[in-house]
Amino acid sequence: MPVELTTQIRPAGATATSEAARTLRDGGLVAFPTETVYGLGADAANAEAVARLYRAKGRPAFNPLIVHVGDLKAAQRIGCFDATAVALAAAFWPGPLTLVLPKASRCPVARLATASLDTIAIRIPAHPVARDILREFGGAVVAPSANLSGHVSPTTAAHVQSDLSGRIDLIVDGGPVEVGVESAIVGCFASPTLLRPGGIPRDEIERVLGSPLAQLDSGAIEGRPPASGMLASHYAPRARVRLDATSLSRGEALLAFGPAALAGSETATAVRNLSERGDLTEAAANLFGYLRALDASGARTIAVMPVPDHGLGEAINDRLRRAAAPQG
Ligand code: TXA
Ligand code: MG
């Protein structure tokens, strides 16, 4: 357990932005909303701050961080953009896409943040609060999701508080996020590769590339997972998660999707429907909050109805599979 800190919570606005920038400059840890999930920010160039961030999350040091910047010029100082990267950045930034690129030769980012890889993950977030903080701070900010390592990602300030209170300096509360699943991560390798499905559906990325994304050959990068989304257990609630439920057993909580009722659902100890009307965008926005709520209901098992795998469904199913994987 890191040293106990007093975690301040401030509503988003000019005062909170200045306090966030000052805290980052002082080497502190600041949680703030992005359009995908809340991030936990630290000054990317400050090795001590980055070490503190790994400790606060309980994150293994082999798992590298995403560097957040305010504009393309700042991104080009830390990563080497080829034609593919330029095209993807032009199409989707600011927005829920992360590019993994060769590190620039004079990249100012602390080595710990990239787990000593020679590549670096970069994104320009679209959320106005994140953008204000990046502008006022002026430098690059590493920001993993603002949860304890392996736990469900936070989509509200209250989620951040329940995981990280006492471990970080400041939480900027900008209300619930819009997208609800993390950024899609594309490795700009010889064949552009989808490392983590996320907030931009695969087919939209492929339309810009004009070709299919390569599939990740797991273990390809020095035998370790290049994205924590690849760790078998991640995004995990305390309850057991049972996927593709076609009926409900007594004592289970239900994570539903769509208008159809599930056999046995009247016995559910708690119910949330990701989207009554079967809308995947709405389902993504609700996913992590509903997993937390059903977990907090005390259910031993959360049964999850099938979610279609197209569009944002690929990211939703990816997170659900990892939430259901055996922990340990
Ligand atoms: O939407 C998001 O991406 C959020 C918000 C806060 O921006 N951030 C986020 O960070 O999801 P995190 O740390 O939870 O996930 C970052 C992922 C990890 O799976 C990590 O392994 C991968 O990015 N990653 C970072 N650097 C990498 C690299 N050089 N090569 C491959 N994967 C990398
Ligand atoms: Mg995360």
# chains A, B, ... in the order shown; residues from 1 in each chain; ligands from 1
call {"tool": "residues_around", "arguments": {"residues": "Thr156 in chain A", "least_positions_apart": "4", "cutoff": "8 Å", "atoms": "only C-alpha atoms", "output": "PyMOL selection string"}}
result
chain A and resi 33+37-38+160+173+175-177+289
call {"tool": "residues_near_ligand", "arguments": {"ligand": "ligand 2", "cutoff": "8 Å", "atoms": "only C-alpha atoms and all ligand atoms", "output": "VMD selection string"}}
result
chain A and resid 144 to 147 149 to 153 182 228 to 229 235
call {"tool": "write_last_selection", "arguments": {"atoms": "C-alpha atoms", "output": "PDB file, in the first residue's frame"}}
result
ATOM      1  CA  PRO A 144      -3.929   4.340 -17.675  1.00  0.00           C
ATOM      2  CA  SER A 145      -7.544   3.761 -16.689  1.00  0.00           C
ATOM      3  CA  ALA A 146      -8.040   5.106 -13.146  1.00  0.00           C
ATOM      4  CA  ASN A 147      -8.808   1.791 -11.428  1.00  0.00           C
ATOM      5  CA  SER A 149      -4.921  -2.958 -11.769  1.00  0.00           C
ATOM      6  CA  GLY A 150      -7.094  -5.787 -13.104  1.00  0.00           C
ATOM      7  CA  HIS A 151     -10.347  -4.273 -11.818  1.00  0.00           C
ATOM      8  CA  VAL A 152     -13.290  -2.862 -13.800  1.00  0.00           C
ATOM      9  CA  SER A 153     -12.449   0.450 -15.545  1.00  0.00           C
ATOM     10  CA  GLU A 182     -11.215   2.136 -23.659  1.00  0.00           C
ATOM     11  CA  SER A 228      -3.167  -5.477 -20.728  1.00  0.00           C
ATOM     12  CA  GLY A 229      -6.400  -6.127 -22.563  1.00  0.00           C
ATOM     13  CA  TYR A 235     -11.750  -5.788 -16.013  1.00  0.00           C
TER      14      TYR A 235
END
call {"tool": "residues_around", "arguments": {"residues": "range 187-189 of chain A", "least_positions_apart": "3", "cutoff": "6 Å", "atoms": "only C-alpha atoms", "output": "number ranges by chain"}}
result
A: 99-101, 192-193
call {"tool": "write_last_selection", "arguments": {"atoms": "C-alpha atoms", "output": "mmCIF file, in the first residue's frame"}}
result
data_model
loop_
_atom_site.group_PDB
_atom_site.id
_atom_site.type_symbol
_atom_site.label_atom_id
_atom_site.label_comp_id
_atom_site.auth_asym_id
_atom_site.auth_seq_id
_atom_site.Cartn_x
_atom_site.Cartn_y
_atom_site.Cartn_z
ATOM 1 C CA LEU A 99 -1.463 4.297 -31.971
ATOM 2 C CA VAL A 100 1.583 2.181 -31.098
ATOM 3 C CA LEU A 101 4.581 3.599 -32.968
ATOM 4 C CA PRO A 192 -1.261 -2.561 -38.991
ATOM 5 C CA THR A 193 -2.515 -4.729 -36.119
#
call {"tool": "atom_distance", "arguments": {"atom1": "CA of Val67 in chain A", "atom2": "CA of Ile316 in chain A"}}
result
23.4 Å
call {"tool": "residues_near_ligand", "arguments": {"ligand": "ligand 1", "cutoff": "8 Å", "atoms": "only C-alpha atoms and all ligand atoms", "output": "NGL selection string"}}
result
:A and (33-40 or 63-66 or 68 or 96-98 or 100-101 or 113-115 or 117-123 or 125 or 143-146 or 153 or 181-185 or 187 or 195-196 or 198-199 or 225-230)
call {"tool": "closest_residue", "arguments": {"among": "A:Ala74, A:Leu255, A:Ala16, A:Ala315", "to": "Leu280 in chain A", "atoms": "only C-alpha atoms"}}
result
A:Ala315
call {"tool": "atom_distance", "arguments": {"atom1": "CA of Ala190 in chain A", "atom2": "CA of Ser116 in chain A"}}
result
20.8 Å
